[in-house]
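Dropping data-v9.txt in here (compact mmCIF, C-alpha atoms):
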# COMPACT_ATOMS: atom_id res chain seq x y z
CA MET A 1 -92.85 77.06 -14.35
CA GLY A 2 -92.38 79.11 -17.54
CA GLU A 3 -94.29 76.51 -19.49
CA LEU A 4 -97.19 76.66 -17.10
CA VAL A 5 -97.42 80.44 -17.37
CA LEU A 6 -97.42 80.08 -21.11
CA ALA A 7 -100.08 77.45 -20.89
CA GLU A 8 -102.47 79.86 -19.23
CA GLY A 9 -101.79 82.51 -21.84
CA GLY A 10 -101.86 80.44 -25.06
CA GLU A 11 -103.40 77.20 -26.22
CA PHE A 12 -100.76 75.05 -24.49
CA ALA A 13 -102.43 72.16 -22.75
CA PRO A 14 -100.14 70.79 -20.04
CA PRO A 15 -99.96 67.01 -19.89
CA GLY A 16 -101.94 65.33 -17.14
CA ALA A 17 -103.40 62.06 -16.06
CA LYS A 18 -105.45 61.89 -19.25
CA ASP A 19 -102.22 61.30 -21.16
CA PHE A 20 -101.84 58.02 -19.33
CA PHE A 21 -105.11 56.70 -20.62
CA LEU A 22 -104.72 56.48 -24.34
CA PRO A 23 -107.58 55.14 -26.40
CA PRO A 24 -107.58 51.36 -26.81
CA ILE A 25 -105.61 50.00 -29.75
CA PHE A 26 -108.43 47.60 -30.62
CA GLY A 27 -111.38 46.36 -28.63
CA GLY A 28 -110.58 46.76 -24.95
CA VAL A 29 -106.83 46.27 -25.44
CA THR A 30 -104.76 49.27 -24.42
CA LYS A 31 -101.10 50.09 -24.91
CA PRO A 32 -99.97 49.05 -21.37
CA MET A 33 -101.74 45.73 -21.80
CA VAL A 34 -99.79 45.04 -24.98
CA LEU A 35 -96.61 46.18 -23.28
CA VAL A 36 -97.03 43.92 -20.26
CA VAL A 37 -97.50 40.92 -22.54
CA LEU A 38 -94.51 42.06 -24.57
CA SER A 39 -92.40 42.30 -21.41
CA VAL A 40 -93.27 38.73 -20.47
CA ILE A 41 -92.29 37.55 -23.94
CA ILE A 42 -89.04 39.53 -23.88
CA ILE A 43 -87.95 38.26 -20.48
CA ALA A 44 -88.99 34.67 -21.12
CA VAL A 45 -87.29 34.54 -24.51
CA PHE A 46 -84.18 36.25 -23.15
CA PHE A 47 -83.72 33.77 -20.33
CA LEU A 48 -84.76 30.73 -22.34
CA LEU A 49 -82.32 31.59 -25.10
CA ALA A 50 -79.55 32.39 -22.65
CA THR A 51 -80.02 29.20 -20.67
CA ARG A 52 -80.59 26.93 -23.66
CA SER A 53 -76.94 26.03 -24.11
CA PHE A 54 -75.22 26.74 -20.85
CA LYS A 55 -71.46 26.50 -20.65
CA LEU A 56 -69.33 26.39 -17.54
CA VAL A 57 -67.31 29.22 -19.01
CA PRO A 58 -69.98 31.71 -20.03
CA SER A 59 -70.30 33.39 -23.38
CA LYS A 60 -71.01 37.10 -23.46
CA PHE A 61 -74.77 36.58 -23.77
CA GLN A 62 -74.77 33.97 -21.04
CA PHE A 63 -72.72 36.28 -18.86
CA ILE A 64 -75.33 39.04 -19.15
CA ALA A 65 -78.13 36.61 -18.30
CA GLU A 66 -76.11 35.29 -15.37
CA SER A 67 -75.47 38.81 -14.12
CA VAL A 68 -79.20 39.59 -14.12
CA TYR A 69 -80.07 36.29 -12.47
CA ASP A 70 -77.27 36.72 -9.92
CA MET A 71 -78.54 40.18 -9.10
CA GLY A 72 -81.89 38.72 -8.06
CA ARG A 73 -80.43 35.56 -6.59
CA ASN A 74 -77.39 36.69 -4.62
CA THR A 75 -77.66 40.43 -4.17
CA ILE A 76 -81.36 40.54 -3.34
CA ALA A 77 -82.74 37.14 -2.35
CA ARG A 78 -79.79 35.74 -0.42
CA GLU A 79 -79.06 39.01 1.38
CA GLN A 80 -82.66 39.59 2.44
CA ILE A 81 -83.97 36.09 3.04
CA GLY A 82 -80.80 34.47 4.29
CA GLY A 83 -78.56 31.75 2.90
CA LYS A 84 -80.66 28.99 4.48
CA ASP A 85 -84.11 29.69 3.03
CA PHE A 86 -83.59 31.77 -0.08
CA LYS A 87 -83.42 29.04 -2.71
CA PRO A 88 -87.18 28.48 -3.27
CA PHE A 89 -87.78 32.22 -3.62
CA VAL A 90 -85.09 32.90 -6.20
CA PRO A 91 -87.40 32.48 -9.23
CA LEU A 92 -89.97 34.79 -7.65
CA ILE A 93 -87.45 37.49 -6.80
CA VAL A 94 -85.74 37.30 -10.20
CA THR A 95 -89.12 37.44 -11.91
CA LEU A 96 -90.19 40.44 -9.81
CA PHE A 97 -86.95 42.24 -10.59
CA THR A 98 -86.94 41.61 -14.34
CA PHE A 99 -90.70 42.09 -14.76
CA VAL A 100 -90.70 45.49 -13.09
CA LEU A 101 -87.37 46.43 -14.70
CA VAL A 102 -88.45 45.76 -18.27
CA ASN A 103 -91.87 47.36 -17.78
CA ASN A 104 -90.21 50.43 -16.27
CA LEU A 105 -87.62 50.69 -19.01
CA PHE A 106 -90.41 50.74 -21.58
CA GLY A 107 -90.79 54.34 -20.41
CA ILE A 108 -87.61 55.47 -22.14
CA ILE A 109 -87.31 53.02 -25.00
CA PRO A 110 -87.98 54.89 -28.26
CA LEU A 111 -91.33 54.21 -29.93
CA ILE A 112 -92.61 52.36 -26.87
CA GLN A 113 -92.07 55.19 -24.40
CA PHE A 114 -94.63 54.19 -21.85
CA PRO A 115 -93.82 52.79 -18.41
CA THR A 116 -96.37 50.06 -17.83
CA MET A 117 -96.03 50.46 -14.09
CA SER A 118 -97.51 53.97 -14.30
CA HIS A 119 -100.83 52.16 -14.47
CA ILE A 120 -101.34 51.22 -10.86
CA GLY A 121 -103.22 48.06 -11.76
CA PHE A 122 -100.03 46.24 -12.76
CA PRO A 123 -97.87 46.90 -9.68
CA LEU A 124 -100.91 46.26 -7.50
CA ALA A 125 -101.52 42.94 -9.20
CA VAL A 126 -97.97 41.88 -8.45
CA SER A 127 -97.69 43.25 -4.92
CA VAL A 128 -101.16 42.59 -3.51
CA LEU A 129 -102.01 39.43 -5.40
CA VAL A 130 -98.57 37.78 -5.46
CA VAL A 131 -96.06 39.16 -2.96
CA TYR A 132 -98.55 39.74 -0.14
CA PRO A 133 -100.03 36.24 -0.13
CA VAL A 134 -96.62 34.65 -0.58
CA TYR A 135 -94.91 36.21 2.39
CA HIS A 136 -97.82 35.73 4.76
CA PHE A 137 -98.31 32.17 3.57
CA VAL A 138 -94.68 31.19 4.17
CA GLY A 139 -94.79 33.00 7.51
CA PHE A 140 -97.87 31.11 8.70
CA LYS A 141 -96.44 27.88 7.36
CA ARG A 142 -93.12 28.38 9.14
CA HIS A 143 -94.33 29.58 12.54
CA GLY A 144 -97.97 28.47 12.75
CA PHE A 145 -100.90 30.88 12.93
CA VAL A 146 -100.38 32.16 16.49
CA GLY A 147 -96.60 32.00 16.33
CA TYR A 148 -96.48 34.04 13.16
CA LEU A 149 -98.88 36.69 14.51
CA ARG A 150 -96.87 36.92 17.73
CA ASN A 151 -93.67 37.21 15.73
CA GLN A 152 -95.04 39.91 13.50
CA LEU A 153 -97.11 41.95 15.95
CA PHE A 154 -95.07 41.63 19.14
CA PRO A 155 -91.43 42.10 18.27
CA PRO A 156 -89.25 41.28 21.29
CA GLY A 157 -87.13 43.77 23.20
CA VAL A 158 -89.90 46.33 23.75
CA PRO A 159 -91.38 47.36 27.15
CA LYS A 160 -94.76 45.68 27.68
CA PRO A 161 -97.00 48.81 27.70
CA VAL A 162 -95.62 49.90 24.33
CA TYR A 163 -97.25 46.85 22.70
CA VAL A 164 -100.62 48.60 23.10
CA LEU A 165 -99.43 51.05 20.49
CA LEU A 166 -96.95 48.90 18.63
CA ALA A 167 -99.10 45.87 17.86
CA PRO A 168 -101.80 47.78 15.97
CA ILE A 169 -99.16 49.76 14.10
CA GLU A 170 -97.33 46.60 13.15
CA PHE A 171 -100.59 44.98 12.06
CA PHE A 172 -101.53 48.03 10.00
CA SER A 173 -98.14 48.23 8.34
CA LYS A 174 -97.59 44.53 7.72
CA PHE A 175 -101.05 43.35 6.80
CA ILE A 176 -102.48 46.40 5.09
CA MET A 177 -99.93 48.99 4.08
CA ASN A 178 -96.88 47.00 2.93
CA PRO A 179 -98.30 45.62 -0.31
CA ILE A 180 -100.02 48.90 -1.14
CA THR A 181 -96.96 51.06 -0.54
CA LEU A 182 -94.89 48.55 -2.48
CA ALA A 183 -97.12 49.11 -5.49
CA ILE A 184 -97.58 52.85 -5.00
CA ARG A 185 -93.83 53.42 -4.73
CA VAL A 186 -93.08 52.17 -8.22
CA PHE A 187 -96.34 53.48 -9.63
CA ALA A 188 -95.76 57.01 -8.36
CA ALA A 189 -92.16 57.09 -9.54
CA MET A 190 -93.12 55.94 -13.02
CA PHE A 191 -96.17 58.19 -13.20
CA ALA A 192 -94.26 61.26 -12.10
CA GLY A 193 -91.25 60.48 -14.24
CA HIS A 194 -93.34 60.01 -17.34
CA LEU A 195 -95.24 63.19 -16.59
CA ILE A 196 -92.00 65.16 -16.27
CA LEU A 197 -90.80 63.84 -19.60
CA LEU A 198 -94.16 64.76 -21.15
CA VAL A 199 -94.05 68.26 -19.71
CA PHE A 200 -90.59 69.04 -21.03
CA THR A 201 -91.11 67.43 -24.40
CA LEU A 202 -94.54 68.95 -25.08
CA ALA A 203 -93.42 72.33 -23.78
CA GLY A 204 -90.35 72.22 -26.02
CA GLU A 205 -92.51 71.37 -28.99
CA TYR A 206 -95.00 74.11 -28.17
CA LEU A 207 -92.28 76.71 -27.64
CA LEU A 208 -90.68 75.80 -30.93
CA LEU A 209 -93.87 75.90 -32.98
CA GLU A 210 -96.15 78.38 -31.29
CA ALA A 211 -94.17 80.79 -29.10
CA GLY A 212 -93.04 84.26 -30.20
CA GLY A 213 -89.59 84.69 -31.81
CA ALA A 214 -87.76 85.63 -28.60
CA LEU A 215 -89.02 82.57 -26.76
CA LYS A 216 -88.28 80.02 -29.48
CA PRO A 217 -84.68 79.31 -28.30
CA VAL A 218 -86.06 78.40 -24.87
CA SER A 219 -87.46 75.27 -26.47
CA LEU A 220 -83.89 74.03 -26.81
CA LEU A 221 -83.52 74.31 -23.07
CA SER A 222 -86.75 72.42 -22.64
CA PHE A 223 -85.62 69.62 -24.95
CA ALA A 224 -82.26 69.49 -23.22
CA PHE A 225 -84.06 69.07 -19.94
CA ALA A 226 -86.20 66.34 -21.44
CA ILE A 227 -83.05 64.47 -22.47
CA ALA A 228 -81.41 64.98 -19.09
CA MET A 229 -84.56 63.80 -17.35
CA THR A 230 -84.58 60.73 -19.59
CA PHE A 231 -81.18 59.73 -18.20
CA LEU A 232 -82.41 60.37 -14.69
CA GLU A 233 -85.50 58.32 -15.48
CA ALA A 234 -83.33 55.41 -16.63
CA LEU A 235 -81.60 55.47 -13.27
CA ILE A 236 -84.88 55.73 -11.35
CA GLN A 237 -86.47 52.93 -13.35
CA VAL A 238 -83.64 50.54 -12.53
CA ILE A 239 -83.59 51.61 -8.89
CA GLN A 240 -87.35 51.19 -8.56
CA ALA A 241 -87.20 47.69 -10.00
CA TYR A 242 -84.38 46.88 -7.59
CA ILE A 243 -86.30 48.33 -4.63
CA PHE A 244 -89.45 46.44 -5.59
CA ALA A 245 -87.62 43.13 -5.60
CA LEU A 246 -85.55 44.06 -2.55
CA LEU A 247 -88.58 44.95 -0.42
CA SER A 248 -90.47 41.86 -1.54
CA ALA A 249 -87.50 39.73 -0.51
CA SER A 250 -87.22 41.67 2.71
CA TYR A 251 -90.91 40.97 3.54
CA ILE A 252 -90.36 37.30 2.89
CA GLY A 253 -87.22 37.35 4.99
CA MET A 254 -88.99 39.07 7.87
CA ALA A 255 -91.88 36.61 7.69
CA LEU A 256 -89.49 33.68 7.88
CA ALA A 257 -87.19 35.07 10.58
CA SER A 258 -87.90 33.74 14.06
CA ASP A 259 -87.27 37.13 15.66
CA HIS A 260 -86.19 40.39 14.19
CA MET B 1 -100.23 70.43 -9.84
CA VAL B 2 -103.43 72.44 -9.76
CA ASN B 3 -103.60 72.33 -13.53
CA THR B 4 -103.00 68.60 -13.54
CA LEU B 5 -105.83 68.00 -11.10
CA ILE B 6 -108.27 70.17 -13.01
CA LEU B 7 -107.42 68.49 -16.26
CA ALA B 8 -107.52 65.08 -14.67
CA GLU B 9 -111.18 65.47 -13.84
CA ASP B 10 -112.45 64.08 -17.09
CA ALA B 11 -109.82 61.32 -17.16
CA PRO B 12 -110.01 58.14 -15.08
CA SER B 13 -108.32 58.45 -11.73
CA PRO B 14 -104.75 57.18 -11.99
CA VAL B 15 -104.72 55.73 -8.48
CA LEU B 16 -107.70 53.45 -9.00
CA PRO B 17 -106.72 50.18 -10.62
CA HIS B 18 -108.61 48.87 -13.61
CA PRO B 19 -109.83 45.34 -12.99
CA SER B 20 -108.72 44.31 -16.46
CA GLU B 21 -105.18 45.50 -15.76
CA LEU B 22 -105.13 43.77 -12.39
CA ILE B 23 -106.15 40.50 -13.98
CA LEU B 24 -103.85 40.83 -16.97
CA GLY B 25 -100.93 41.91 -14.78
CA LEU B 26 -101.47 38.94 -12.49
CA ILE B 27 -101.76 36.47 -15.34
CA ALA B 28 -98.74 37.89 -17.16
CA PHE B 29 -96.65 37.85 -14.01
CA LEU B 30 -97.69 34.33 -13.03
CA LEU B 31 -96.96 33.12 -16.54
CA LEU B 32 -93.48 34.61 -16.39
CA LEU B 33 -92.98 33.24 -12.90
CA TRP B 34 -93.97 29.80 -14.14
CA VAL B 35 -91.44 29.98 -16.98
CA MET B 36 -88.72 31.10 -14.60
CA GLN B 37 -89.56 28.47 -12.01
CA LYS B 38 -89.97 25.64 -14.48
CA PHE B 39 -87.18 26.27 -16.96
CA VAL B 40 -84.86 29.14 -16.17
CA ALA B 41 -84.07 28.72 -12.48
CA PRO B 42 -83.34 24.96 -12.65
CA ARG B 43 -80.91 25.57 -15.50
CA PHE B 44 -79.14 28.29 -13.57
CA GLU B 45 -78.99 26.24 -10.39
CA ALA B 46 -77.74 23.22 -12.31
CA LEU B 47 -75.07 25.37 -13.88
CA TYR B 48 -74.04 26.80 -10.52
CA SER B 49 -73.83 23.43 -8.81
CA GLU B 50 -71.93 22.03 -11.78
CA ARG B 51 -69.56 24.97 -11.69
CA ALA B 52 -69.10 24.65 -7.93
CA ALA B 53 -68.44 20.93 -8.29
CA LYS B 54 -65.98 21.62 -11.06
CA ILE B 55 -64.15 24.22 -9.03
CA GLU B 56 -64.12 22.08 -5.91
CA GLY B 57 -62.99 19.08 -7.95
CA GLY B 58 -60.32 21.22 -9.56
CA ILE B 59 -59.06 22.40 -6.19
CA GLU B 60 -59.07 18.85 -4.89
CA ARG B 61 -57.18 17.61 -7.92
CA ALA B 62 -54.69 20.43 -7.62
CA GLU B 63 -54.11 19.61 -3.96
CA GLN B 64 -53.66 15.97 -4.81
CA ALA B 65 -51.20 16.80 -7.57
CA GLN B 66 -49.31 19.05 -5.21
CA ALA B 67 -49.11 16.33 -2.59
CA GLU B 68 -47.86 13.90 -5.21
CA ALA B 69 -45.28 16.35 -6.43
CA GLN B 70 -44.14 16.92 -2.86
CA LYS B 71 -43.84 13.19 -2.32
CA ALA B 72 -41.84 12.76 -5.51
CA LEU B 73 -39.59 15.64 -4.52
CA ASP B 74 -38.97 14.09 -1.11
CA GLU B 75 -38.21 10.79 -2.77
CA TYR B 76 -35.78 12.38 -5.16
CA LYS B 77 -34.10 14.25 -2.35
CA ALA B 78 -33.74 11.05 -0.36
CA GLN B 79 -32.37 9.25 -3.40
CA LEU B 80 -29.98 12.07 -4.10
CA ALA B 81 -28.70 12.07 -0.53
CA GLU B 82 -28.31 8.32 -0.70
CA ALA B 83 -26.40 8.57 -3.97
CA ARG B 84 -24.15 11.24 -2.52
CA ALA B 85 -23.40 9.11 0.50
CA GLU B 86 -22.73 6.15 -1.77
CA ALA B 87 -20.37 8.18 -3.91
CA ALA B 88 -18.50 9.47 -0.88
CA ARG B 89 -18.20 5.95 0.45
CA ILE B 90 -16.90 4.65 -2.88
CA ARG B 91 -14.41 7.51 -3.08
CA ASP B 92 -13.13 6.80 0.42
CA ASP B 93 -12.85 3.13 -0.39
CA ALA B 94 -10.96 3.86 -3.58
CA ARG B 95 -8.63 6.19 -1.77
CA ALA B 96 -7.93 3.59 0.93
CA GLU B 97 -7.42 0.92 -1.70
CA GLY B 98 -5.10 3.18 -3.64
CA THR B 99 -2.94 3.87 -0.65
CA GLN B 100 -2.88 0.18 0.11
CA ILE B 101 -1.84 -0.64 -3.43
CA VAL B 102 0.86 2.02 -3.36
CA GLU B 103 2.06 0.63 -0.05
CA GLU B 104 2.15 -2.90 -1.36
CA LEU B 105 4.00 -1.85 -4.52
CA ARG B 106 6.50 0.06 -2.48
CA GLU B 107 7.11 -2.94 -0.28
CA GLN B 108 7.46 -5.16 -3.31
CA ALA B 109 9.89 -2.77 -4.93
CA GLN B 110 11.90 -2.49 -1.77
CA ALA B 111 12.04 -6.27 -1.43
CA GLU B 112 13.03 -6.62 -5.07
CA SER B 113 15.75 -4.03 -4.79
CA ALA B 114 17.01 -5.66 -1.61
CA ARG B 115 16.99 -8.99 -3.36
CA ILE B 116 18.88 -7.57 -6.37
CA VAL B 117 21.41 -5.91 -4.09
CA ALA B 118 21.88 -9.11 -2.13
CA GLN B 119 22.28 -11.13 -5.30
CA GLY B 120 24.93 -8.69 -6.62
CA GLN B 121 26.73 -8.84 -3.34
CA HIS B 122 26.64 -12.54 -3.39
CA GLN B 123 28.03 -12.70 -6.97
CA LEU B 124 30.75 -10.24 -6.06
CA ASP B 125 31.68 -12.34 -3.07
CA ALA B 126 31.79 -15.48 -5.18
CA GLN B 127 33.90 -13.84 -7.89
CA ARG B 128 36.20 -12.40 -5.31
CA ALA B 129 36.62 -15.74 -3.62
CA GLN B 130 37.34 -17.35 -7.00
CA ILE B 131 39.84 -14.64 -7.92
CA VAL B 132 41.48 -14.90 -4.52
CA ALA B 133 41.74 -18.69 -4.89
CA GLU B 134 43.24 -18.39 -8.39
CA LEU B 135 45.60 -15.64 -7.32
CA ARG B 136 46.60 -17.62 -4.28
CA ALA B 137 47.63 -20.62 -6.45
CA ASP B 138 49.42 -18.46 -9.02
CA LEU B 139 51.04 -16.28 -6.37
CA GLY B 140 52.54 -19.35 -4.65
CA ARG B 141 53.97 -20.74 -7.87
CA VAL B 142 55.26 -17.36 -9.13
CA ALA B 143 56.75 -16.51 -5.77
CA VAL B 144 58.54 -19.90 -5.59
CA GLU B 145 59.83 -19.53 -9.14
CA LEU B 146 60.94 -16.03 -8.46
CA ALA B 147 62.57 -17.02 -5.22
CA GLY B 148 64.29 -19.98 -6.96
CA LYS B 149 65.68 -17.71 -9.61
CA VAL B 150 66.74 -15.14 -7.02
CA VAL B 151 68.33 -17.65 -4.68
CA GLY B 152 69.67 -19.81 -7.46
CA GLU B 153 68.96 -23.05 -5.74
CA ALA B 154 66.18 -25.56 -6.01
CA LEU B 155 63.91 -25.73 -3.16
CA GLU B 156 63.62 -29.41 -2.89
CA ASP B 157 62.24 -29.63 0.50
CA GLU B 158 58.47 -29.70 -0.37
CA ALA B 159 57.23 -29.55 3.18
CA ARG B 160 59.37 -26.60 4.03
CA ARG B 161 58.48 -24.75 0.84
CA ARG B 162 54.71 -25.22 1.47
CA GLY B 163 55.04 -23.91 4.97
CA THR B 164 56.78 -20.72 3.87
CA VAL B 165 54.24 -19.91 1.15
CA ASP B 166 51.28 -20.60 3.42
CA ARG B 167 52.67 -18.41 6.17
CA PHE B 168 53.21 -15.55 3.70
CA LEU B 169 49.75 -15.83 2.27
CA ASN B 170 48.17 -15.88 5.71
CA GLU B 171 50.02 -12.72 6.58
CA LEU B 172 48.80 -11.21 3.31
CA ASP B 173 45.20 -12.19 4.21
CA ALA B 174 45.55 -10.65 7.61
CA VAL B 175 46.68 -7.39 6.08
CA ALA B 176 43.94 -7.44 3.38
CA ALA B 177 41.05 -8.50 5.61
CA PRO B 178 40.46 -5.16 7.39
CA ALA B 179 40.49 -3.42 3.98
CA THR B 180 37.62 -5.55 2.62
CA LYS B 181 35.43 -5.06 5.68
This entry written out as structure tokens:
Amino acid sequence: MGELVLAEGGEFAPPGAKDFFLPPIFGGVTKPMVLVVLSVIIIAVFFLLATRSFKLVPSKFQFIAESVYDMGRNTIAREQIGGKDFKPFVPLIVTLFTFVLVNNLFGIIPLIQFPTMSHIGFPLAVSVLVVYPVYHFVGFKRHGFVGYLRNQLFPPGVPKPVYVLLAPIEFFSKFIMNPITLAIRVFAAMFAGHLILLVFTLAGEYLLLEAGGALKPVSLLSFAFAIAMTFLEALIQVIQAYIFALLSASYIGMALASDH
Amino acid sequence: MVNTLILAEDAPSPVLPHPSELILGLIAFLLLLWVMQKFVAPRFEALYSERAAKIEGGIERAEQAQAEAQKALDEYKAQLAEARAEAARIRDDARAEGTQIVEELREQAQAESARIVAQGQHQLDAQRAQIVAELRADLGRVAVELAGKVVGEALEDEARRRGTVDRFLNELDAVAAPATK
């Protein structure tokens, strides 16, 4: 709050949404666009290199790649979709996990320092244009059009009159809100996290350079907070990537389940 | 928050997606998904199935080896027991044979000693008989000579002389006989 008070008094301009929209690097290409392409290259190269010469007894590099793949495959996909059906979805879930993870981690990697997912277009592209169609498609394919709708909108074990309320709510949540909340969850976390880092870093810089002598040491506190928040951000970025993949797998699992 | 909103007015709204980012995000994601689906996942799955097969094969082989080892052990135990029984049997046989041999030897020795004793006895008897016969002849002659010298007369009557000597000797035999028995 101290920084905000200062901002009103001096020339301190608190960071805001404008800081997320940097001028294009060239043409219409912006920093997040470069980063998202970079993330694809990083992940693809990482996995292709790791899997190029597989050994039964893994090397260190292979072990890391296996751990990441296993995370998506066993911890997320198999748990959420079930041991019977999860195999075809493993590439999707692993891709979701690593794609969101790397793009999130860009937020704290020095020099890059921008979480791609704080631009809502990217998480929306993945959730609304990929996850949403996939889980409804497999649901319709598994249960047929009517069967799937009945499964999704009329969960068993509920007194009949309640369906008047429940069915519209289920429809609203499953066909409209799920993909949007999936995207907004990671977007909001990345946006807010990046903003917090900006606030503490810019405030520290301003306090150090512009503030009166007595207030200068406070900048140290501000920088310390920025560093502490960076560690917290690292945790949140990993958790958000995990949640994104977990919920996507969970939607697929629910669409495939005969009753839930 | 208020400040952020005021300042955000001239910036694009952060909750409205840019079409270009939507399209790029979709393409980038689908590209990555394609790479994962086409190359990465099959390699991982192949590795996992290979590893599972290896482990299962290893377990199977280990079980087989264990069964074989167990079989061999049983065989060895059976052979060992058999060998022990054989050894015990041989030992018993040897012992029985030994006692038999000892018994036979003892019998032989006893027979031999009996034979030697009998032979000695026999020789003694023969020598004694010979000595007795010699002595008997000499004793008769000496006694007659002695008697002739003592009496001073010739004992011409042969038949009478023979009768006297024989009667004396028979008396002598009768006295000596209980002593030899």
Pairwise distance, CA of Lys60 (chain A) with CA of Ala44 (chain A), equals 18.3 Å
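With only C-alpha atoms as the atoms that count, the residue of A:Ile108, A:Ala211, A:Pro156, A:Gly204 with the shortest distance to Leu232 (chain A) is A:Ile108.
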Contacts between chain B and chain A, please, where a residue of chain A counts if it comes within 6 Å (with only C-alpha atoms); show its shortest atom pair and distance in Å to one decimal, rows by chain and ascending number, as a Markdown table.
| residue | atom | partner | partner_atom | distance |
| --- | --- | --- | --- | --- |
| A:Gly16 | CA | B:Thr4 | CA | 5.0 |
| A:Ala17 | CA | B:Ala8 | CA | 5.3 |
| A:Lys18 | CA | B:Ala11 | CA | 4.9 |
| A:Val40 | CA | B:Leu32 | CA | 5.8 |
| A:Pro91 | CA | B:Gln37 | CA | 5.3 |
| A:Thr95 | CA | B:Leu33 | CA | 5.8 |
| A:Ile120 | CA | B:Pro17 | CA | 5.5 |
| A:Gly121 | CA | B:Pro17 | CA | 4.2 |
| A:Phe122 | CA | B:Gly25 | CA | 4.9 |
| A:Ala125 | CA | B:Leu22 | CA | 4.9 |
Pull C-alpha atoms from the residues just selected and write them as a PDB file, in the frame of the given file.
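The file below, selection25.pdb, is the result:
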ATOM      1  CA  GLY A  16    -101.940  65.330 -17.140  1.00  0.00           C
ATOM      2  CA  ALA A  17    -103.400  62.060 -16.060  1.00  0.00           C
ATOM      3  CA  LYS A  18    -105.450  61.890 -19.250  1.00  0.00           C
ATOM      4  CA  VAL A  40     -93.270  38.730 -20.470  1.00  0.00           C
ATOM      5  CA  PRO A  91     -87.400  32.480  -9.230  1.00  0.00           C
ATOM      6  CA  THR A  95     -89.120  37.440 -11.910  1.00  0.00           C
ATOM      7  CA  ILE A 120    -101.340  51.220 -10.860  1.00  0.00           C
ATOM      8  CA  GLY A 121    -103.220  48.060 -11.760  1.00  0.00           C
ATOM      9  CA  PHE A 122    -100.030  46.240 -12.760  1.00  0.00           C
ATOM     10  CA  ALA A 125    -101.520  42.940  -9.200  1.00  0.00           C
TER      11      ALA A 125
END
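Proximity to Pro15 (chain A) at 7 Å, evaluated using all atoms listed in the file and with sequence-adjacent residues fewer than 2 positions away removed, yields Ala13, Asp19, Leu195, Leu198 and Val199 of chain A.
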Can you work out the spacing between CA of Gln237 (chain A) and CA of Leu105 (chain A) in Å, to one decimal?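 Taking CA of Gln237 (chain A) and CA of Leu105 (chain A), their separation equals 6.2 Å.
CA of Gln240 (chain A) is found 23.3 Å from CA of Pro88 (chain A).
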I need the residue nearest Ser39 (chain A) from this list: A:Val128, A:Met254, A:Ala77, A:Met117. Use only C-alpha atoms for the distance.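 For Ser39 (chain A), the nearest of the candidates is A:Met117.
Proximity ranking of A:Leu182, A:Leu235, A:Ile64, A:Val34 relative to Ala50 (chain A) places A:Ile64 first, based on only C-alpha atoms.
If you measure from each of A:Val57, A:Lys31, A:Tyr251, A:Ile227 to Ile55 (chain B) using all atoms listed in the file, the closest one turns out to be A:Val57.
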Could you check the closest approach to Leu38 (chain A) for each of A:Phe137, A:Phe12, A:Phe106, A:Phe26 and tell me which residue wins, using all atoms listed in the file?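 Between A:Phe137, A:Phe12, A:Phe106, A:Phe26, the residue approaching Leu38 (chain A) most closely is A:Phe106.
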